[in-house]
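entry_16.txt, holding compact mmCIF, C-alpha atoms:
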```
# COMPACT_ATOMS: atom_id res chain seq x y z
CA MET A 1 4.58 78.87 52.09
CA ALA A 2 2.75 75.59 52.32
CA LEU A 3 4.49 72.33 53.06
CA PRO A 4 3.67 69.19 51.10
CA VAL A 5 0.85 67.07 52.49
CA LEU A 6 2.06 65.25 55.58
CA SER A 7 0.32 61.96 56.38
CA ILE A 8 1.17 58.69 57.98
CA VAL A 9 -1.11 55.75 57.18
CA LEU A 10 -0.47 52.49 58.94
CA LEU A 11 -2.40 49.72 57.25
CA GLY A 12 -2.53 46.09 58.28
CA LEU A 13 -0.79 46.72 61.59
CA ALA A 14 -1.84 43.83 63.85
CA ALA A 15 -0.78 43.23 67.42
CA THR A 16 -1.00 39.75 68.82
CA GLY A 17 -1.72 38.22 72.16
CA ASN A 18 -2.96 34.99 73.74
CA GLY A 19 -1.40 32.98 70.94
CA GLU A 20 -1.46 29.20 70.71
CA THR A 21 0.31 26.48 68.81
CA ILE A 22 -2.07 23.89 67.37
CA VAL A 23 -0.47 20.51 66.78
CA PHE A 24 -1.91 17.86 64.48
CA GLY A 25 -0.68 14.28 64.82
CA GLY A 26 2.51 13.25 66.52
CA GLY A 27 1.15 11.82 69.77
CA PRO A 28 -0.86 12.48 72.96
CA GLY A 29 -2.25 15.97 73.46
CA SER A 30 -2.38 16.79 69.76
CA ARG A 31 -5.33 16.77 67.41
CA ALA A 32 -5.96 13.43 65.73
CA TRP A 33 -5.52 13.31 61.97
CA ASP A 34 -8.66 11.25 61.45
CA GLN A 35 -10.81 13.82 63.29
CA GLU A 36 -9.65 16.97 61.51
CA TYR A 37 -10.09 16.46 57.77
CA SER A 38 -12.67 17.75 55.30
CA GLU A 39 -11.43 15.69 52.38
CA ILE A 40 -9.00 12.83 51.89
CA ALA A 41 -7.84 10.69 48.99
CA VAL A 42 -6.32 7.26 49.79
CA ILE A 43 -4.84 8.33 53.13
CA ASP A 44 -3.75 5.71 55.67
CA PHE A 45 -4.30 6.65 59.34
CA GLU A 46 -3.62 3.23 60.86
CA THR A 47 -0.28 1.78 59.76
CA ASN A 48 1.80 4.37 61.64
CA PRO A 49 -0.37 5.73 64.49
CA GLY A 50 0.01 9.48 64.86
CA SER A 51 1.14 9.87 61.23
CA ILE A 52 -0.49 9.98 57.82
CA GLN A 53 0.79 8.41 54.62
CA PRO A 54 -0.49 7.16 51.26
CA LEU A 55 -2.57 4.01 51.41
CA GLN A 56 -0.50 0.83 51.42
CA ASN A 57 -1.95 -2.36 49.98
CA ASP A 58 -1.56 -5.74 51.55
CA PRO A 59 -1.16 -8.49 48.91
CA GLU A 60 -4.43 -10.03 50.15
CA ASP A 61 -6.44 -6.78 49.92
CA ASN A 62 -8.97 -6.65 47.11
CA ILE A 63 -8.50 -3.09 45.83
CA SER A 64 -11.80 -3.11 43.94
CA LEU A 65 -13.97 -3.40 47.08
CA LYS A 66 -13.52 0.33 47.82
CA LEU A 67 -13.42 1.44 44.20
CA ILE A 68 -16.70 3.37 44.35
CA GLU A 69 -15.99 4.79 47.82
CA ARG A 70 -12.76 6.48 46.73
CA GLY A 71 -14.28 8.05 43.62
CA GLY A 72 -13.61 5.35 41.03
CA GLN A 73 -16.23 4.05 38.65
CA ILE A 74 -17.20 1.26 36.28
CA THR A 75 -18.51 2.15 32.83
CA SER A 76 -19.32 0.53 29.50
CA PRO A 77 -19.73 2.21 26.12
CA ASN A 78 -22.11 -0.45 24.76
CA ALA A 79 -23.59 -2.79 27.40
CA ARG A 80 -26.56 -0.63 28.41
CA THR A 81 -27.92 -0.60 24.86
CA VAL A 82 -27.82 -4.40 24.78
CA LEU A 83 -29.44 -4.80 28.20
CA GLU A 84 -32.15 -2.16 27.58
CA VAL A 85 -32.21 -0.89 31.17
CA THR A 86 -32.34 2.56 32.75
CA GLN A 87 -29.11 4.35 33.63
CA GLY A 88 -29.73 3.79 37.34
CA GLU A 89 -30.38 0.08 36.87
CA PHE A 90 -27.30 -0.20 34.67
CA GLU A 91 -25.04 1.45 37.25
CA ASP A 92 -26.33 -0.93 39.92
CA LEU A 93 -25.55 -3.91 37.67
CA LEU A 94 -22.01 -2.68 37.08
CA ASP A 95 -21.43 -2.09 40.79
CA ASN A 96 -22.41 -5.72 41.48
CA MET A 97 -18.91 -6.70 40.34
CA VAL A 98 -17.19 -4.86 43.20
CA ASP A 99 -19.61 -5.22 46.12
CA GLY A 100 -18.26 -8.46 47.66
CA ARG A 101 -21.73 -10.03 47.56
CA ASN A 102 -23.30 -12.84 45.57
CA THR A 103 -24.64 -10.49 42.90
CA ALA A 104 -23.45 -10.36 39.32
CA PHE A 105 -23.23 -8.26 36.21
CA GLU A 106 -25.04 -10.44 33.66
CA ILE A 107 -25.15 -10.55 29.89
CA LYS A 108 -27.68 -13.33 29.23
CA ILE A 109 -28.28 -12.48 25.58
CA PRO A 110 -26.85 -15.23 23.32
CA SER A 111 -26.25 -12.93 20.36
CA ALA A 112 -24.32 -10.31 22.36
CA THR A 113 -20.64 -9.88 21.61
CA GLY A 114 -17.98 -7.21 21.92
CA ILE A 115 -19.23 -5.94 25.28
CA ILE A 116 -16.65 -3.67 26.93
CA LEU A 117 -16.24 -3.02 30.67
CA ARG A 118 -13.99 -0.24 31.95
CA PHE A 119 -12.78 0.08 35.54
CA ASP A 120 -11.37 3.33 36.94
CA LEU A 121 -9.71 2.59 40.30
CA GLY A 122 -9.88 6.26 41.32
CA GLU A 123 -6.12 6.42 41.95
CA ARG A 124 -2.95 4.74 40.69
CA PHE A 125 -2.23 1.50 42.57
CA GLY A 126 0.55 -1.04 42.39
CA VAL A 127 -1.25 -4.00 40.77
CA ASN A 128 0.07 -7.54 40.30
CA ARG A 129 -3.07 -9.65 39.90
CA ILE A 130 -6.52 -9.45 38.28
CA ARG A 131 -9.20 -12.07 38.92
CA PHE A 132 -12.84 -12.40 37.78
CA PHE A 133 -15.40 -15.20 37.76
CA PRO A 134 -19.15 -16.02 37.67
CA ARG A 135 -21.29 -16.80 40.73
CA GLU A 136 -21.11 -20.17 42.41
CA GLY A 137 -23.71 -22.37 40.74
CA PHE A 138 -23.49 -20.40 37.48
CA GLU A 139 -20.02 -21.54 36.46
CA GLU A 140 -21.08 -22.21 32.85
CA PHE A 141 -21.63 -18.48 32.31
CA PHE A 142 -18.00 -17.42 32.12
CA LEU A 143 -16.24 -15.34 29.48
CA LYS A 144 -15.24 -17.78 26.71
CA GLY A 145 -12.86 -15.26 25.17
CA TYR A 146 -11.59 -11.88 26.28
CA LEU A 147 -8.89 -9.26 26.07
CA VAL A 148 -7.56 -7.03 28.84
CA ARG A 149 -6.07 -3.56 28.44
CA LEU A 150 -4.30 -1.51 31.13
CA ASN A 151 -3.37 2.13 31.69
CA ASP A 152 -1.34 3.58 34.56
CA GLY A 153 -3.22 6.89 34.76
CA SER A 154 -0.18 9.03 34.05
CA GLU A 155 -0.01 11.93 31.61
CA GLU A 156 2.44 9.90 29.54
CA GLN A 157 -0.30 7.33 28.89
CA GLN A 158 -2.94 9.78 27.67
CA THR A 159 -4.19 10.39 24.16
CA VAL A 160 -3.98 13.82 22.55
CA SER A 161 -7.55 14.46 23.75
CA GLY A 162 -6.59 13.59 27.34
CA ASN A 163 -8.25 10.18 27.55
CA PRO A 164 -6.47 7.06 28.86
CA ASP A 165 -4.46 5.31 26.15
CA LEU A 166 -5.37 1.75 27.12
CA ARG A 167 -2.66 -0.71 26.14
CA LEU A 168 -3.13 -4.38 25.40
CA PHE A 169 -2.02 -6.66 28.21
CA LYS A 170 -3.63 -10.03 27.47
CA THR A 171 -5.71 -11.67 24.73
CA VAL A 172 -7.36 -15.06 25.21
CA GLU A 173 -9.44 -16.02 22.18
CA ARG A 174 -10.60 -19.36 23.62
CA ASN A 175 -10.92 -19.49 27.40
CA LEU A 176 -11.86 -22.74 29.16
CA ASP A 177 -11.43 -21.63 32.77
CA PRO A 178 -14.44 -20.16 34.64
CA VAL A 179 -12.06 -18.39 37.02
CA VAL A 180 -9.78 -15.99 35.17
CA ASP A 181 -6.72 -15.32 37.32
CA LEU A 182 -4.10 -13.14 35.65
CA ALA A 183 -0.63 -12.49 37.05
CA VAL A 184 0.46 -8.94 36.25
CA PRO A 185 4.06 -7.72 36.53
CA LEU A 186 3.91 -5.26 39.44
CA GLN A 187 3.11 -1.85 37.96
CA PHE A 188 1.03 1.24 38.57
CA VAL A 189 -2.49 0.77 37.19
CA ARG A 190 -5.51 3.05 37.28
CA PHE A 191 -7.65 1.97 34.32
CA ILE A 192 -8.56 -1.59 33.28
CA GLU A 193 -10.62 -2.59 30.26
CA VAL A 194 -12.08 -6.04 29.59
CA LYS A 195 -13.66 -6.86 26.23
CA GLN A 196 -15.78 -9.91 25.38
CA LEU A 197 -14.43 -11.71 22.30
CA VAL A 198 -16.72 -14.76 22.01
CA ARG A 199 -20.48 -14.50 21.49
CA GLY A 200 -22.68 -15.97 24.21
CA GLU A 201 -24.15 -15.61 27.68
CA TRP A 202 -21.87 -14.70 30.58
CA GLU A 203 -21.63 -12.92 33.91
CA ILE A 204 -19.08 -11.58 36.36
CA ASP A 205 -19.81 -12.04 40.05
CA GLU A 206 -16.69 -10.30 41.35
CA PHE A 207 -13.92 -8.41 39.56
CA GLU A 208 -10.98 -8.54 41.97
CA ILE A 209 -7.77 -6.53 41.82
CA PHE A 210 -4.75 -7.20 44.02
CA GLY A 211 -1.37 -5.58 44.43
CA GLU A 212 1.16 -4.23 46.87
CA GLY A 213 2.99 -1.05 47.74
CA PHE A 214 1.68 2.51 47.98
CA THR A 215 -0.60 4.61 45.83
CA SER A 216 1.32 7.06 43.68
CA ALA A 217 -0.58 10.08 45.02
CA ALA A 218 -2.62 10.92 48.11
CA ALA A 219 -4.12 14.05 49.63
CA TYR A 220 -5.27 15.30 53.02
CA ILE A 221 -7.24 18.55 53.31
CA SER A 222 -7.98 19.71 56.83
CA ASN A 223 -11.21 21.08 58.20
CA VAL A 224 -11.77 24.81 57.97
CA PHE A 225 -10.68 26.18 61.34
CA ASP A 226 -12.62 29.10 62.82
CA GLU A 227 -10.72 31.38 65.21
CA ASP A 228 -13.99 33.20 66.17
CA ARG A 229 -12.38 36.53 65.29
CA PRO A 230 -9.69 37.76 62.90
CA ALA A 231 -6.37 36.10 63.68
CA VAL A 232 -2.78 36.38 62.62
CA PHE A 233 -0.41 33.52 61.94
CA GLY A 234 3.05 32.89 63.25
CA GLY A 235 5.09 29.98 62.01
CA ILE A 236 4.39 26.48 60.75
CA THR A 237 6.58 23.47 61.51
CA TRP A 238 6.10 19.97 60.22
CA ALA A 239 7.98 16.69 60.26
CA LYS A 240 8.19 13.91 57.71
CA GLU A 241 9.89 10.56 57.21
CA THR A 242 10.29 8.31 54.21
CA ILE A 243 9.80 4.63 53.47
CA GLY A 244 11.92 3.17 50.69
CA GLU A 245 13.83 5.50 48.38
CA PRO A 246 13.70 9.15 49.57
CA ALA A 247 14.60 10.55 46.14
CA LYS A 248 11.44 9.06 44.62
CA VAL A 249 8.87 10.48 47.06
CA SER A 250 7.62 13.86 48.20
CA ALA A 251 5.22 15.41 50.68
CA THR A 252 4.19 19.06 50.63
CA VAL A 253 2.28 21.19 53.14
CA SER A 254 0.43 24.38 52.16
CA THR A 255 -2.04 26.76 53.85
CA ARG A 256 -4.79 29.16 52.85
CA SER A 257 -6.96 31.64 54.75
CA GLY A 258 -10.26 33.44 54.34
CA HIS A 259 -12.98 35.71 55.67
CA THR A 260 -15.86 33.20 55.37
CA PRO A 261 -16.42 29.54 56.34
CA ASP A 262 -16.56 28.51 52.66
CA PRO A 263 -13.12 28.00 51.08
CA SER A 264 -14.69 27.65 47.64
CA ASP A 265 -15.44 31.39 47.78
CA SER A 266 -12.44 32.56 45.79
CA LEU A 267 -13.22 36.22 46.43
CA GLU A 268 -12.96 35.79 50.19
CA TRP A 269 -10.23 33.14 50.35
CA SER A 270 -6.60 33.15 49.30
CA GLY A 271 -5.16 30.47 47.08
CA TRP A 272 -2.94 27.73 48.49
CA SER A 273 0.46 28.98 49.59
CA LEU A 274 3.71 27.68 48.19
CA PRO A 275 4.87 24.56 50.08
CA TYR A 276 6.65 25.07 53.39
CA PRO A 277 9.96 23.25 53.98
CA ALA A 278 9.92 20.33 56.39
CA GLY A 279 11.83 20.29 59.65
CA VAL A 280 12.15 24.04 60.22
CA ARG A 281 9.84 26.74 61.52
CA THR A 282 8.70 28.92 58.62
CA PRO A 283 6.52 32.05 58.72
CA ILE A 284 3.04 31.29 57.40
CA ALA A 285 2.54 33.04 54.07
CA SER A 286 -1.28 33.05 53.95
CA PRO A 287 -2.90 36.49 54.30
CA ALA A 288 -3.83 37.75 57.76
CA PRO A 289 -5.72 38.90 59.74
CA ARG A 290 -8.23 36.20 58.78
CA GLN A 291 -10.82 34.35 60.84
CA TYR A 292 -10.68 31.08 58.90
CA TRP A 293 -7.78 28.93 57.73
CA GLN A 294 -7.00 25.48 56.40
CA PHE A 295 -4.00 23.33 55.47
CA ARG A 296 -3.32 20.68 52.85
CA VAL A 297 -0.86 17.78 52.59
CA LEU A 298 -0.05 16.27 49.18
CA PHE A 299 1.93 13.07 48.66
CA GLN A 300 3.64 11.85 45.48
CA SER A 301 5.72 8.79 44.66
CA SER A 302 7.25 7.47 41.46
CA ASP A 303 8.13 4.16 43.12
CA ILE A 304 5.47 1.61 44.12
CA LEU A 305 7.37 0.49 47.22
CA SER A 306 8.30 3.98 48.50
CA ALA A 307 6.32 6.67 50.29
CA ALA A 308 6.61 9.76 52.47
CA THR A 309 4.89 9.97 55.85
CA VAL A 310 3.92 13.13 57.74
CA ASP A 311 4.29 12.82 61.48
CA SER A 312 2.97 16.16 62.71
CA ILE A 313 2.14 19.74 61.79
CA ALA A 314 2.29 22.64 64.26
CA VAL A 315 0.58 25.94 63.41
CA GLU A 316 0.95 29.14 65.45
CA VAL A 317 -2.20 31.29 65.61
CA SER A 318 -2.94 34.45 67.63
CA PRO A 319 -5.96 36.76 67.82
CA ALA A 320 -5.42 40.08 66.08
CA LEU A 321 -5.79 42.92 68.56
CA ALA A 322 -6.53 45.30 65.70
CA ASP A 323 -7.49 44.54 62.13
CA SER A 324 -5.95 47.84 61.04
CA VAL A 325 -4.71 51.03 62.61
CA VAL A 326 -4.86 54.28 60.69
CA GLY A 327 -2.99 57.40 61.86
CA GLU A 328 -2.80 60.82 60.27
CA VAL A 329 -0.96 64.11 60.85
CA TRP A 330 -3.44 66.99 60.76
CA PRO A 331 -3.77 69.54 59.30
CA GLN A 332 -2.53 68.41 55.93
CA ASP A 333 -1.37 71.95 55.10
CA ALA A 334 0.96 73.93 57.42
CA VAL A 335 2.58 77.33 57.25
CA ILE A 336 6.18 77.74 58.36
CA GLY A 337 6.46 79.54 61.69
CA GLN A 338 2.76 79.17 62.50
CA ALA A 339 1.63 76.97 65.38
CA THR A 340 -0.80 74.22 64.45
```
Kindly transcribe the structure held in the file into structure tokens.
Amino acid sequence: MALPVLSIVLLGLAATGNGETIVFGGGPGSRAWDQEYSEIAVIDFETNPGSIQPLQNDPEDNISLKLIERGGQITSPNARTVLEVTQGEFEDLLDNMVDGRNTAFEIKIPSATGIILRFDLGERFGVNRIRFFPREGFEEFFLKGYLVRLNDGSEEQQTVSGNPDLRLFKTVERNLDPVVDLAVPLQFVRFIEVKQLVRGEWEIDEFEIFGEGFTSAAAYISNVFDEDRPAVFGGITWAKETIGEPAKVSATVSTRSGHTPDPSDSLEWSGWSLPYPAGVRTPIASPAPRQYWQFRVLFQSSDILSAATVDSIAVEVSPALADSVVGEVWPQDAVIGQAT
């Protein structure tokens, strides 16, 4: 009589050797945070050397100076039509308001009115002051009337279509001061709108935004690390601290791995893992063996004066001695009592 097919298939069996623990941040001998990223959003490398945290604003820092650099933008739904300029020329004019130089956004058309300017800061910042003014020597060309609307960039302040629901903050129908300097109760702000209310010629040399505290969200995505051959992962350990109220902040660390250098290749890369707990060694969940890997740190805070900081991340990586081992019992059919 024939026995059922007998086979043993060992798939994904990987032996390890010559492993290493790669440490990011934390001090001498580790890899520096500011040398190992592919993408960041409002990350501060300097305040706590060896750590990363969300950007913290000094009260004297003009947030708008790096608006374009961090992915923000300035737009207007109606000014370009009035100015009759190309899109490129128009964008340059708008950027004049946040470049720190003696260049201005100008509306020198007496009949123009109702011009709207919209500022997207790129992230949510704690804002307590907004200031704008014409160039020195052109003081007569100030906004004679204006309104200001604000939006904090949260889902709660979105319209049904997903656009910012800008809410009225200040209306000045007759302004006599060339330098508009508005005190704002400290709050998260991402979007600001200014609308001209009085017909006439005007300009804005600089549109300045000040505040304090931390951004509400920040992100650090590491470089793609190449192990030169398929590798397996051991554990990951990372350490964090908090500033302010711990219950109002979070930091998460995730990993992903792939077969190619391009993490945007979703067929060859895994998705981001679930977050790993801080303070304990946890087995890395990303698929292995893989030659390439990457990690991500995300920060969140619901309190302007609170933030999490990440001190260090340690990742254990070893070369895979075998990508897979396959074993079989042969022959697949055997007869009882007969040698094989």
Handout entry: Which of A:Phe90, A:Trp272, A:Phe125, A:Tyr146 sits closest to Asn57 in chain A [using only C-alpha atoms]
Key =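 Comparing A:Phe90, A:Trp272, A:Phe125, A:Tyr146 against Asn57 in chain A, the winner is A:Phe125.
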Handout entry: Atom pair CA of Asn62 in chain A / CA of Ile209 in chain A: separation (Å)
Key = 5.4 Å
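Distances from A:Lys170, A:His259, A:Lys240, A:Arg101 to Ser51 in chain A were compared using only C-alpha atoms, and the smallest one belongs to A:Lys240.
Shortest atom-to-atom contact with Asn96 in chain A among A:Ile52, A:Ile204, A:Leu67, A:Val82: A:Ile204, counting only C-alpha atoms.
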Practice task
Select, counting all atoms listed in the file, all protein, DNA and RNA residues no farther than 12 Å from (0.5, 34.5, 54.1) in file coordinates, and express the selection as number ranges by chain.
Solution key: A: 231-236, 254-258, 269-276, 282-290, 293-294
Resulting file, chosen residues, C-alpha atoms, as a PDB file, keeping the file's coordinate frame:
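Final output, saved to again.pdb:
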```pdb
ATOM      1  CA  ALA A 231      -6.370  36.100  63.680  1.00  0.00           C
ATOM      2  CA  VAL A 232      -2.780  36.380  62.620  1.00  0.00           C
ATOM      3  CA  PHE A 233      -0.410  33.520  61.940  1.00  0.00           C
ATOM      4  CA  GLY A 234       3.050  32.890  63.250  1.00  0.00           C
ATOM      5  CA  GLY A 235       5.090  29.980  62.010  1.00  0.00           C
ATOM      6  CA  ILE A 236       4.390  26.480  60.750  1.00  0.00           C
ATOM      7  CA  SER A 254       0.430  24.380  52.160  1.00  0.00           C
ATOM      8  CA  THR A 255      -2.040  26.760  53.850  1.00  0.00           C
ATOM      9  CA  ARG A 256      -4.790  29.160  52.850  1.00  0.00           C
ATOM     10  CA  SER A 257      -6.960  31.640  54.750  1.00  0.00           C
ATOM     11  CA  GLY A 258     -10.260  33.440  54.340  1.00  0.00           C
ATOM     12  CA  TRP A 269     -10.230  33.140  50.350  1.00  0.00           C
ATOM     13  CA  SER A 270      -6.600  33.150  49.300  1.00  0.00           C
ATOM     14  CA  GLY A 271      -5.160  30.470  47.080  1.00  0.00           C
ATOM     15  CA  TRP A 272      -2.940  27.730  48.490  1.00  0.00           C
ATOM     16  CA  SER A 273       0.460  28.980  49.590  1.00  0.00           C
ATOM     17  CA  LEU A 274       3.710  27.680  48.190  1.00  0.00           C
ATOM     18  CA  PRO A 275       4.870  24.560  50.080  1.00  0.00           C
ATOM     19  CA  TYR A 276       6.650  25.070  53.390  1.00  0.00           C
ATOM     20  CA  THR A 282       8.700  28.920  58.620  1.00  0.00           C
ATOM     21  CA  PRO A 283       6.520  32.050  58.720  1.00  0.00           C
ATOM     22  CA  ILE A 284       3.040  31.290  57.400  1.00  0.00           C
ATOM     23  CA  ALA A 285       2.540  33.040  54.070  1.00  0.00           C
ATOM     24  CA  SER A 286      -1.280  33.050  53.950  1.00  0.00           C
ATOM     25  CA  PRO A 287      -2.900  36.490  54.300  1.00  0.00           C
ATOM     26  CA  ALA A 288      -3.830  37.750  57.760  1.00  0.00           C
ATOM     27  CA  PRO A 289      -5.720  38.900  59.740  1.00  0.00           C
ATOM     28  CA  ARG A 290      -8.230  36.200  58.780  1.00  0.00           C
ATOM     29  CA  TRP A 293      -7.780  28.930  57.730  1.00  0.00           C
ATOM     30  CA  GLN A 294      -7.000  25.480  56.400  1.00  0.00           C
TER      31      GLN A 294
END
```
Handout entry: Shell of 10 Å around Phe207 in chain A, only C-alpha atoms, local chain residues under 6 positions omitted, as a ChimeraX atom specification
Key = /A:62-65,95-100,104-105,119,130-134,180
Practice task
Have a look at CA of Thr237 in chain A and CA of Ile43 in chain A and let me know their distance in Å, one decimal.
Solution key: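 Answer for the CA of Thr237 in chain A to CA of Ile43 in chain A separation: 20.7 Å.
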Practice task
Name the residues in contact with Val184 in chain A at a cut-off of 9 Å, using only C-alpha atoms, excluding same-chain residues fewer than 5 positions from it; report them as an MDAnalysis selection string.
Solution key: chainID A and resid 127:130 169
Problem - Pick from A:Asp120, A:Asp152, A:Glu84, A:Glu39 nearest to Arg296 in chain A, counting all atoms listed in the file - result: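 Selected residue with least distance to Arg296 in chain A: A:Glu39.
Picture a line from CA of Ala218 in chain A to CA of Asn151 in chain A; it runs 18.6 Å.
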